Each structure stands twice: as C-alpha cells, then as structure tokens.
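These notes concern the structure reproduced below.
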Amino acid sequence: MSTLPTPQTTNATATSTWNIDPAHSVAEFKVKHMMISNVKGQFAKVSGVLSLDESEPTRSHVEAVIDAASIETRDPQRDAHLKSADFFHVEKFPTLSFKSARITQVRDGELAAEGDLTIRGVTRKAVFSVEGPTPPAKDPWGNTRVAVSATTKINRKDFGLTWNTALETGGILVGDEVTITLDVQFVKA
C-alpha cells in the first residue's frame, strides 16, 4: 500500500510596510473648556509605520509617534502652557505614542486597534475605533497611498495630566475627557 505525500499548505500572507506621510496627517484632540464648549488642538508632527496584512487586516500592526512640542491650539499662550510641566512637559516627555497589540474587525470598513498609548511617560491601554484602511490609490508621482481615521476617548488624569483650576461660578476650567482623532495617510514603502 502506498501513501501519497500530504500537500503542504502555506500561510504566506501579503504583508506590506507603509510609512505615515506627515504632510498629509494630523493628530487632533478636543476637551471641554469651562464646561461649556470644546477647545480643539492638533499636533502637526506625526510619524509612524503600518505593517499591513493585505489579506487579513486584523493581523496588521501600527505604531505612531507624535512630537509633543508640535502642539497648536491657535493661542500661543495656551500652547506654551500645554507644553509646560503643568501638562505635557515636553522637555521631559518629547513624544506621545501608540503601539497596537491587537486589531479586531468591528464591522465592514471598521476596525478596533487596541494597544499601548503613552502620554507624559505614562502608558495605558487604549482602543481606537478605526475607519479604513481605504483602498490603495496612486498619487500623481507614482506613490501608493492608503488612509485611516482613528478615534478614542481618554481621561487625561489617567496620564498624569491633572492640572486644573476651579471656576468662580463652579465647575472646572479643563474637562477630564479628551477625544483624540488621528487622520493619517500612509505611503507604501
């Protein structure tokens, strides 16, 4: 009796590397001011890498780094205060970062990226709701691009951002809940 050889199956995946395009990417945040309205700001300098499993996006991995000193809220005095030891303490903690640990499919076109978010030297688990990645597109110079939009909410106090002041009318100047949104374009390496 002869036996036929068992065919070998390969799990070769098409994994590609994509770099964040800082000229077409932004990290934004919003937080309540005086308990009545949102103040928004952004970090202009974002870098990072996406290792994209093109056949199964949940096997992908992403890392992003934000230059804390690139904060911009349209108010130079507020920006200086946010860069100080009261908030981001950019001299001691020059970057904010996110490193994914697990990506899950929520629904078609929406993923959840869970990982380590580090702000002011404090690392906590965070889950970003991710739209994308978009289908690849070629730009006029022959580069292949994809984009994602990712959002999460955090309590700033969990990251050591505890400065606040009481208002004369009651309440506080800066809310605790912060919404973070990253709109990122990646260029295929």
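Labeling convention for the structure tokens: chains A, B, ... as they appear, residues from 1 per chain, ligands from 1 in order of appearance.
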Pull the helix (DSSP H, G or I) assignments for region 72-131 of chain A out of DSSP run on the backbone, and list those residues as a PyMOL selection string.
-> chain A and resi 76-83
Restricting it to N, CA and C atoms, dump the selection as a short mmCIF file (atom, residue, chain, number, x, y, z; two decimals), in the first residue's frame.
data_model
loop_
_atom_site.label_atom_id
_atom_site.label_comp_id
_atom_site.auth_asym_id
_atom_site.auth_seq_id
_atom_site.Cartn_x
_atom_site.Cartn_y
_atom_site.Cartn_z
N PRO A 76 -1.00 81.16 21.27
CA PRO A 76 0.38 80.93 21.68
C PRO A 76 0.56 80.80 23.20
N GLN A 77 -0.20 81.57 23.97
CA GLN A 77 -0.10 81.49 25.43
C GLN A 77 -0.58 80.12 25.92
N ARG A 78 -1.69 79.64 25.38
CA ARG A 78 -2.21 78.33 25.76
C ARG A 78 -1.25 77.23 25.32
N ASP A 79 -0.70 77.37 24.10
CA ASP A 79 0.26 76.38 23.61
C ASP A 79 1.46 76.28 24.55
N ALA A 80 1.97 77.42 24.98
CA ALA A 80 3.12 77.43 25.90
C ALA A 80 2.75 76.74 27.21
N HIS A 81 1.53 76.99 27.71
CA HIS A 81 1.10 76.35 28.96
C HIS A 81 0.97 74.84 28.77
N LEU A 82 0.42 74.41 27.64
CA LEU A 82 0.27 72.97 27.37
C LEU A 82 1.62 72.27 27.23
N LYS A 83 2.64 72.99 26.76
CA LYS A 83 3.98 72.41 26.64
C LYS A 83 4.71 72.36 27.99
#
Shell around region 52-69 of chain A at 8 Å using only C-alpha atoms, local window under 5 positions removed, as a PyMOL selection string | chain A and resi 13-18+27+43-47+83+88+90+93-105+111
Given the selection you just returned, output its residues as a file containing N, CA and C atoms, formatted as a PDB file, in the first residue's frame.
ATOM      1  N   THR A  13       1.364  35.336   3.642  1.00  0.00           N
ATOM      2  CA  THR A  13       0.488  36.495   3.638  1.00  0.00           C
ATOM      3  C   THR A  13       1.192  37.643   2.935  1.00  0.00           C
ATOM      4  N   ALA A  14       0.412  38.475   2.348  1.00  0.00           N
ATOM      5  CA  ALA A  14       0.949  39.654   1.676  1.00  0.00           C
ATOM      6  C   ALA A  14       0.996  40.788   2.685  1.00  0.00           C
ATOM      7  N   THR A  15       2.130  40.914   3.356  1.00  0.00           N
ATOM      8  CA  THR A  15       2.299  41.988   4.326  1.00  0.00           C
ATOM      9  C   THR A  15       3.163  43.060   3.706  1.00  0.00           C
ATOM     10  N   SER A  16       2.711  44.290   3.806  1.00  0.00           N
ATOM     11  CA  SER A  16       3.453  45.401   3.238  1.00  0.00           C
ATOM     12  C   SER A  16       3.670  46.467   4.307  1.00  0.00           C
ATOM     13  N   THR A  17       4.671  47.287   4.081  1.00  0.00           N
ATOM     14  CA  THR A  17       5.034  48.339   5.031  1.00  0.00           C
ATOM     15  C   THR A  17       4.634  49.689   4.455  1.00  0.00           C
ATOM     16  N   TRP A  18       4.014  50.497   5.300  1.00  0.00           N
ATOM     17  CA  TRP A  18       3.526  51.816   4.908  1.00  0.00           C
ATOM     18  C   TRP A  18       4.001  52.822   5.941  1.00  0.00           C
ATOM     19  N   ALA A  27      -2.865  64.720  14.100  1.00  0.00           N
ATOM     20  CA  ALA A  27      -3.435  64.189  15.336  1.00  0.00           C
ATOM     21  C   ALA A  27      -4.137  65.350  16.026  1.00  0.00           C
ATOM     22  N   PHE A  43      -1.577  68.256  16.815  1.00  0.00           N
ATOM     23  CA  PHE A  43      -0.141  68.063  16.791  1.00  0.00           C
ATOM     24  C   PHE A  43       0.229  67.927  15.322  1.00  0.00           C
ATOM     25  N   ALA A  44       1.096  68.803  14.840  1.00  0.00           N
ATOM     26  CA  ALA A  44       1.421  68.838  13.416  1.00  0.00           C
ATOM     27  C   ALA A  44       2.423  67.772  13.002  1.00  0.00           C
ATOM     28  N   LYS A  45       3.223  67.266  13.932  1.00  0.00           N
ATOM     29  CA  LYS A  45       4.273  66.317  13.562  1.00  0.00           C
ATOM     30  C   LYS A  45       3.925  64.914  14.030  1.00  0.00           C
ATOM     31  N   VAL A  46       3.531  64.083  13.074  1.00  0.00           N
ATOM     32  CA  VAL A  46       3.140  62.694  13.323  1.00  0.00           C
ATOM     33  C   VAL A  46       4.004  61.804  12.439  1.00  0.00           C
ATOM     34  N   SER A  47       4.537  60.733  13.001  1.00  0.00           N
ATOM     35  CA  SER A  47       5.298  59.768  12.209  1.00  0.00           C
ATOM     36  C   SER A  47       4.890  58.370  12.645  1.00  0.00           C
ATOM     37  N   LYS A  83       2.644  72.993  26.762  1.00  0.00           N
ATOM     38  CA  LYS A  83       3.985  72.414  26.638  1.00  0.00           C
ATOM     39  C   LYS A  83       4.708  72.358  27.987  1.00  0.00           C
ATOM     40  N   PHE A  88       1.935  68.668  29.212  1.00  0.00           N
ATOM     41  CA  PHE A  88       2.722  67.657  28.504  1.00  0.00           C
ATOM     42  C   PHE A  88       4.186  67.591  28.919  1.00  0.00           C
ATOM     43  N   VAL A  90       6.986  68.897  27.727  1.00  0.00           N
ATOM     44  CA  VAL A  90       7.656  68.437  26.513  1.00  0.00           C
ATOM     45  C   VAL A  90       9.170  68.309  26.649  1.00  0.00           C
ATOM     46  N   PHE A  93       9.195  64.844  28.367  1.00  0.00           N
ATOM     47  CA  PHE A  93       8.440  63.835  27.618  1.00  0.00           C
ATOM     48  C   PHE A  93       8.166  64.372  26.203  1.00  0.00           C
ATOM     49  N   PRO A  94       9.148  64.274  25.311  1.00  0.00           N
ATOM     50  CA  PRO A  94       9.021  64.919  23.997  1.00  0.00           C
ATOM     51  C   PRO A  94       8.044  64.258  23.030  1.00  0.00           C
ATOM     52  N   THR A  95       7.594  63.031  23.322  1.00  0.00           N
ATOM     53  CA  THR A  95       6.697  62.368  22.379  1.00  0.00           C
ATOM     54  C   THR A  95       5.504  61.743  23.078  1.00  0.00           C
ATOM     55  N   LEU A  96       4.455  61.564  22.300  1.00  0.00           N
ATOM     56  CA  LEU A  96       3.307  60.742  22.648  1.00  0.00           C
ATOM     57  C   LEU A  96       3.360  59.590  21.665  1.00  0.00           C
ATOM     58  N   SER A  97       2.901  58.404  22.050  1.00  0.00           N
ATOM     59  CA  SER A  97       2.990  57.287  21.107  1.00  0.00           C
ATOM     60  C   SER A  97       1.849  56.297  21.296  1.00  0.00           C
ATOM     61  N   PHE A  98       1.618  55.533  20.239  1.00  0.00           N
ATOM     62  CA  PHE A  98       0.659  54.432  20.275  1.00  0.00           C
ATOM     63  C   PHE A  98       1.280  53.258  19.552  1.00  0.00           C
ATOM     64  N   LYS A  99       1.177  52.077  20.161  1.00  0.00           N
ATOM     65  CA  LYS A  99       1.689  50.844  19.567  1.00  0.00           C
ATOM     66  C   LYS A  99       0.590  49.798  19.697  1.00  0.00           C
ATOM     67  N   SER A 100       0.073  49.320  18.549  1.00  0.00           N
ATOM     68  CA  SER A 100      -1.030  48.360  18.600  1.00  0.00           C
ATOM     69  C   SER A 100      -0.562  47.004  19.106  1.00  0.00           C
ATOM     70  N   ALA A 101      -1.464  46.336  19.815  1.00  0.00           N
ATOM     71  CA  ALA A 101      -1.222  44.972  20.295  1.00  0.00           C
ATOM     72  C   ALA A 101      -2.184  44.000  19.625  1.00  0.00           C
ATOM     73  N   ARG A 102      -3.376  44.515  19.290  1.00  0.00           N
ATOM     74  CA  ARG A 102      -4.399  43.658  18.687  1.00  0.00           C
ATOM     75  C   ARG A 102      -5.331  44.517  17.849  1.00  0.00           C
ATOM     76  N   ILE A 103      -5.677  43.995  16.689  1.00  0.00           N
ATOM     77  CA  ILE A 103      -6.640  44.670  15.813  1.00  0.00           C
ATOM     78  C   ILE A 103      -7.779  43.697  15.554  1.00  0.00           C
ATOM     79  N   THR A 104      -8.995  44.164  15.746  1.00  0.00           N
ATOM     80  CA  THR A 104     -10.168  43.315  15.531  1.00  0.00           C
ATOM     81  C   THR A 104     -11.113  43.987  14.544  1.00  0.00           C
ATOM     82  N   GLN A 105     -11.867  43.144  13.843  1.00  0.00           N
ATOM     83  CA  GLN A 105     -12.869  43.634  12.898  1.00  0.00           C
ATOM     84  C   GLN A 105     -14.152  43.924  13.680  1.00  0.00           C
ATOM     85  N   LEU A 111     -12.487  48.896  12.088  1.00  0.00           N
ATOM     86  CA  LEU A 111     -11.640  48.058  12.926  1.00  0.00           C
ATOM     87  C   LEU A 111     -11.510  48.686  14.305  1.00  0.00           C
TER      88      LEU A 111
END
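Residue nearest Thr118 (chain A) within the list A:Arg156, A:His24, A:Arg145, A:Lys138: A:Arg156 [criterion: smallest interatomic distance, only C-alpha atoms].
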Quick one: residues within 9 Å of Ile154 (chain A), only C-alpha atoms counted, chain neighbours fewer than 4 positions away excluded, as a PyMOL selection string?
-> chain A and resi 126+158-159+176-180
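Minimum distance to Ala113 (chain A) across A:Thr144, A:Ser25, A:Ser84, A:Thr152 (counting only C-alpha atoms) occurs at A:Thr152.
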